[in-house]
Amino acid sequence: MAIKLKHITLYVLLWVLTTASAFYVGTYFPNKKTIRNIEDKITVDIQNDFARHKLFEPEMIYNDNVSFAHAVNECINFANLTTPIEKRIDRDIIIAMAIIESAYGTSRFAIKGNNLFGIRTWDKNVAQMKPKENPNAEWGVKTYITKCKSVIDMISILNRLQVYEEFRKERERQRESEMNNIDLMINHLSAWSTNPAYTALVKQKAKESYQIFAAN
């Protein structure tokens with residue numbers, strides 16, 4: 001209980017400090033880049049504080065589409081505590097891909113393997129599940145100890161694999177220009193799926209995710 005209370009307290013502290021700093025700078029020195037730098041500095045300080053306390057990742061509990069989106073978001077918030085600010089992935093992109101790949105957390109791979117994104121592996125030494133329709137496949141769908149672990153791995157994949165370099169360039173371009181257009185970033189995620197309509201699906205579900213959180 002003490003750990004959870006400290007968790008909540010630090011979130012509140014982050015919000016208060018960020019809001020106060022943004023208000024002060026925005027009032028006397030209205031420069032978006034300066035505000036962002038201050039917010040980034042505060043966020044890094046909070047990240048370091050959380051790292052020292054070694055808090056446990058949240059448990060994903062959901063029973064419908066809306067609660068699934070919120071549960072994934074809790075994992076995203078947890079992952080962001082150790083993810084450098086410039087390497088974070090937009091919340092709605094992650095949730096959209098989780099919705100598509102796991103059918104709102106109801107797929108066999110999500111339930112039995114805690115894999116929300118259909119992440120594959122060709123390494124026989126990595127824990128995995130074979131698809132029912134292809135039990136002799138050379139590859140398998142990775143299994144995770146927790147669903148949050150799959151969220152963390154998904155973020156890592158987009159941040160390190162060469163095939164997503166254009167995604168990272170677009171993210172950086174938007175960050176530098178104070179722009180926020182996730183559709184442009186999603187355009188560079190087609191490699192995640194063999195479905196030619198994949199990026200269109202991600203855009204659609206990202207809008208659904210946005211609406212879920214805008215309604216609350």
# chains A, B, ... in the order shown; residues from 1 in each chain; ligands from 1

call {"tool": "residues_around", "arguments": {"residues": "Ile100 of chain A", "least_positions_apart": "2", "cutoff": "8 Å", "atoms": "only C-alpha atoms", "output": "list of chain:residue names"}}
result
A:Ala96, A:Met97, A:Ala98, A:Ser102, A:Ala103, A:Tyr104, A:Phe117, A:Leu201, A:Val202, A:Lys205

call {"tool": "residues_around", "arguments": {"residues": "segment 133-146 of chain A", "least_positions_apart": "4", "cutoff": "9 Å", "atoms": "only C-alpha atoms", "output": "mmCIF file with C-alpha atoms, in the first residue's frame"}}
result
data_model
loop_
_atom_site.group_PDB
_atom_site.id
_atom_site.type_symbol
_atom_site.label_atom_id
_atom_site.label_comp_id
_atom_site.auth_asym_id
_atom_site.auth_seq_id
_atom_site.Cartn_x
_atom_site.Cartn_y
_atom_site.Cartn_z
ATOM 1 C CA GLU A 59 -1.248 -5.605 -13.507
ATOM 2 C CA MET A 60 -3.349 -5.541 -16.653
ATOM 3 C CA PHE A 109 -1.389 -15.151 -27.979
ATOM 4 C CA ALA A 110 -2.527 -12.375 -25.626
ATOM 5 C CA LYS A 112 -1.782 -17.561 -23.077
ATOM 6 C CA GLY A 113 1.400 -15.775 -24.078
ATOM 7 C CA ASN A 114 0.858 -12.211 -22.788
ATOM 8 C CA ASN A 115 1.800 -10.981 -26.269
ATOM 9 C CA GLY A 118 1.996 -10.570 -32.308
ATOM 10 C CA ILE A 119 5.742 -10.107 -31.860
ATOM 11 C CA ARG A 120 7.612 -12.984 -33.490
ATOM 12 C CA THR A 121 10.954 -14.634 -32.873
ATOM 13 C CA TRP A 122 13.147 -16.965 -34.918
ATOM 14 C CA ASP A 123 15.342 -17.793 -31.910
ATOM 15 C CA LYS A 124 14.535 -21.302 -30.688
ATOM 16 C CA VAL A 126 13.260 -17.740 -26.732
ATOM 17 C CA ALA A 127 9.956 -18.744 -25.139
ATOM 18 C CA GLN A 128 7.310 -18.851 -27.836
ATOM 19 C CA MET A 129 4.024 -20.243 -29.107
ATOM 20 C CA SER A 150 5.211 -7.077 -24.338
#

call {"tool": "residues_around", "arguments": {"residues": "Ala200 of chain A", "least_positions_apart": "6", "cutoff": "10 Å", "atoms": "only C-alpha atoms", "output": "ChimeraX atom specification"}}
result
/A:183,186-187,190,206

call {"tool": "write_last_selection", "arguments": {"atoms": "C-alpha atoms", "output": "PDB file, in the first residue's frame"}}
result
ATOM      1  CA  ASP A 183      -0.812   9.777 -38.874  1.00  0.00           C
ATOM      2  CA  ILE A 186       1.940   5.652 -38.565  1.00  0.00           C
ATOM      3  CA  ASN A 187       2.706   5.822 -42.294  1.00  0.00           C
ATOM      4  CA  SER A 190       3.691  -0.891 -42.493  1.00  0.00           C
ATOM      5  CA  ALA A 206      -5.599   5.383 -32.859  1.00  0.00           C
TER       6      ALA A 206
END

call {"tool": "select_by_dssp", "arguments": {"residues": "segment 97-131 of chain A", "states": "strand (DSSP E or B)", "output": "number ranges by chain"}}
result
A: 120-121, 128-129

call {"tool": "residues_around", "arguments": {"residues": "Gln162 of chain A", "least_positions_apart": "6", "cutoff": "12 Å", "atoms": "only C-alpha atoms", "output": "MDAnalysis selection string"}}
result
chainID A and resid 156 168:169 188:189 191

call {"tool": "closest_residue", "arguments": {"among": "A:Ile99, A:Met179, A:Ala79, A:Ile157", "to": "Lys203 of chain A", "atoms": "only C-alpha atoms"}}
result
A:Ile99

call {"tool": "closest_residue", "arguments": {"among": "A:Val151, A:Ile61, A:Leu116, A:Val66", "to": "Arg91 of chain A", "atoms": "only C-alpha atoms"}}
result
A:Val151

call {"tool": "closest_residue", "arguments": {"among": "A:Ile93, A:Ile212, A:Pro131, A:Val163", "to": "Leu184 of chain A", "atoms": "only C-alpha atoms"}}
result
A:Ile93

call {"tool": "select_by_dssp", "arguments": {"residues": "segment 61-98 of chain A", "states": "helix (DSSP H, G or I)", "output": "MDAnalysis selection string"}}
result
chainID A and resid 65:80 85:87 91:98

call {"tool": "write_last_selection", "arguments": {"atoms": "C-alpha atoms", "output": "PDB file, in the first residue's frame"}}
result
ATOM      1  CA  ASN A  65     -12.667  -2.506 -25.019  1.00  0.00           C
ATOM      2  CA  VAL A  66     -12.469   0.656 -22.926  1.00  0.00           C
ATOM      3  CA  SER A  67     -10.891  -0.983 -19.888  1.00  0.00           C
ATOM      4  CA  PHE A  68      -8.411  -2.711 -22.221  1.00  0.00           C
ATOM      5  CA  ALA A  69      -7.266   0.662 -23.583  1.00  0.00           C
ATOM      6  CA  HIS A  70      -6.862   1.990 -20.042  1.00  0.00           C
ATOM      7  CA  ALA A  71      -4.950  -1.116 -18.952  1.00  0.00           C
ATOM      8  CA  VAL A  72      -2.519  -0.791 -21.859  1.00  0.00           C
ATOM      9  CA  ASN A  73      -2.105   2.885 -21.015  1.00  0.00           C
ATOM     10  CA  GLU A  74      -1.085   1.969 -17.463  1.00  0.00           C
ATOM     11  CA  CYS A  75       1.672  -0.188 -18.931  1.00  0.00           C
ATOM     12  CA  ILE A  76       2.718   2.652 -21.232  1.00  0.00           C
ATOM     13  CA  ASN A  77       2.983   5.012 -18.258  1.00  0.00           C
ATOM     14  CA  PHE A  78       5.096   2.450 -16.447  1.00  0.00           C
ATOM     15  CA  ALA A  79       7.337   1.902 -19.486  1.00  0.00           C
ATOM     16  CA  ASN A  80       7.802   5.657 -19.867  1.00  0.00           C
ATOM     17  CA  ILE A  85      11.713  11.163 -23.488  1.00  0.00           C
ATOM     18  CA  GLU A  86      12.879  11.287 -27.098  1.00  0.00           C
ATOM     19  CA  LYS A  87      12.308   7.527 -27.483  1.00  0.00           C
ATOM     20  CA  ARG A  91       0.132   6.374 -26.494  1.00  0.00           C
ATOM     21  CA  ASP A  92      -2.552   6.104 -29.167  1.00  0.00           C
ATOM     22  CA  ILE A  93      -0.198   4.343 -31.590  1.00  0.00           C
ATOM     23  CA  ILE A  94       0.695   1.682 -29.030  1.00  0.00           C
ATOM     24  CA  ILE A  95      -2.901   1.136 -27.974  1.00  0.00           C
ATOM     25  CA  ALA A  96      -4.074   1.000 -31.590  1.00  0.00           C
ATOM     26  CA  MET A  97      -1.550  -1.689 -32.458  1.00  0.00           C
ATOM     27  CA  ALA A  98      -2.426  -3.654 -29.319  1.00  0.00           C
TER      28      ALA A  98
END

call {"tool": "atom_distance", "arguments": {"atom1": "atom CA of Ile111 of chain A", "atom2": "atom CA of Phe167 of chain A"}}
result
29.1 Å

call {"tool": "atom_distance", "arguments": {"atom1": "atom CA of Gln211 of chain A", "atom2": "atom CA of Ile89 of chain A"}}
result
18.0 Å

call {"tool": "closest_residue", "arguments": {"among": "A:Tyr164, A:Trp192, A:Tyr198, A:Tyr62", "to": "Lys147 of chain A", "atoms": "only C-alpha atoms"}}
result
A:Tyr62

call {"tool": "closest_residue", "arguments": {"among": "A:Ala215, A:Ser209, A:Leu81, A:Arg108", "to": "Lys130 of chain A", "atoms": "only C-alpha atoms"}}
result
A:Arg108

call {"tool": "decode", "arguments": {"residues": "segment 54-73 of chain A", "atoms": "N, CA, C and O atoms", "output": "short mmCIF file (atom, residue, chain, number, x, y, z; two decimals), in the first residue's frame"}}
result
data_model
loop_
_atom_site.label_atom_id
_atom_site.label_comp_id
_atom_site.auth_asym_id
_atom_site.auth_seq_id
_atom_site.Cartn_x
_atom_site.Cartn_y
_atom_site.Cartn_z
N LYS A 54 12.20 1.44 -7.41
CA LYS A 54 12.00 0.12 -8.03
C LYS A 54 10.54 -0.35 -7.89
O LYS A 54 10.26 -1.43 -7.36
N LEU A 55 9.64 0.46 -8.37
CA LEU A 55 8.22 0.13 -8.27
C LEU A 55 7.86 -1.01 -9.21
O LEU A 55 8.49 -1.22 -10.24
N PHE A 56 6.82 -1.74 -8.85
CA PHE A 56 6.38 -2.87 -9.66
C PHE A 56 5.49 -2.41 -10.80
O PHE A 56 4.74 -1.44 -10.66
N GLU A 57 5.55 -3.14 -11.90
CA GLU A 57 4.71 -2.78 -13.04
C GLU A 57 3.25 -3.07 -12.72
O GLU A 57 2.94 -3.94 -11.91
N PRO A 58 2.33 -2.32 -13.34
CA PRO A 58 0.91 -2.53 -13.05
C PRO A 58 0.41 -3.86 -13.63
O PRO A 58 0.94 -4.37 -14.61
N GLU A 59 -0.63 -4.39 -13.00
CA GLU A 59 -1.25 -5.61 -13.51
C GLU A 59 -2.35 -5.22 -14.49
O GLU A 59 -3.17 -4.36 -14.21
N MET A 60 -2.34 -5.86 -15.65
CA MET A 60 -3.35 -5.54 -16.65
C MET A 60 -4.66 -6.27 -16.36
O MET A 60 -4.73 -7.49 -16.45
N ILE A 61 -5.68 -5.49 -16.02
CA ILE A 61 -7.01 -6.04 -15.75
C ILE A 61 -8.00 -5.32 -16.64
O ILE A 61 -8.08 -4.09 -16.62
N TYR A 62 -8.76 -6.07 -17.41
CA TYR A 62 -9.74 -5.46 -18.31
C TYR A 62 -10.86 -6.46 -18.59
O TYR A 62 -10.69 -7.67 -18.49
N ASN A 63 -12.02 -5.92 -18.94
CA ASN A 63 -13.16 -6.78 -19.26
C ASN A 63 -13.97 -6.27 -20.45
O ASN A 63 -15.00 -6.84 -20.78
N ASP A 64 -13.51 -5.18 -21.06
CA ASP A 64 -14.16 -4.68 -22.27
C ASP A 64 -13.15 -3.82 -23.03
O ASP A 64 -12.01 -3.67 -22.60
N ASN A 65 -13.58 -3.26 -24.16
CA ASN A 65 -12.67 -2.51 -25.02
C ASN A 65 -12.08 -1.28 -24.33
O ASN A 65 -10.89 -0.98 -24.45
N VAL A 66 -12.93 -0.56 -23.59
CA VAL A 66 -12.47 0.66 -22.93
C VAL A 66 -11.48 0.34 -21.81
O VAL A 66 -10.42 0.97 -21.70
N SER A 67 -11.80 -0.64 -20.99
CA SER A 67 -10.89 -0.98 -19.89
C SER A 67 -9.59 -1.57 -20.43
O SER A 67 -8.54 -1.42 -19.80
N PHE A 68 -9.65 -2.21 -21.61
CA PHE A 68 -8.41 -2.71 -22.22
C PHE A 68 -7.50 -1.54 -22.59
O PHE A 68 -6.30 -1.56 -22.31
N ALA A 69 -8.07 -0.51 -23.21
CA ALA A 69 -7.27 0.66 -23.58
C ALA A 69 -6.64 1.30 -22.35
O ALA A 69 -5.45 1.67 -22.36
N HIS A 70 -7.40 1.40 -21.28
CA HIS A 70 -6.86 1.99 -20.04
C HIS A 70 -5.77 1.11 -19.43
O HIS A 70 -4.79 1.61 -18.89
N ALA A 71 -5.95 -0.20 -19.51
CA ALA A 71 -4.95 -1.12 -18.95
C ALA A 71 -3.64 -1.02 -19.72
O ALA A 71 -2.55 -1.00 -19.12
N VAL A 72 -3.73 -0.95 -21.05
CA VAL A 72 -2.52 -0.79 -21.86
C VAL A 72 -1.85 0.54 -21.53
O VAL A 72 -0.62 0.64 -21.43
N ASN A 73 -2.66 1.57 -21.34
CA ASN A 73 -2.10 2.89 -21.01
C ASN A 73 -1.34 2.87 -19.70
O ASN A 73 -0.31 3.55 -19.56
#
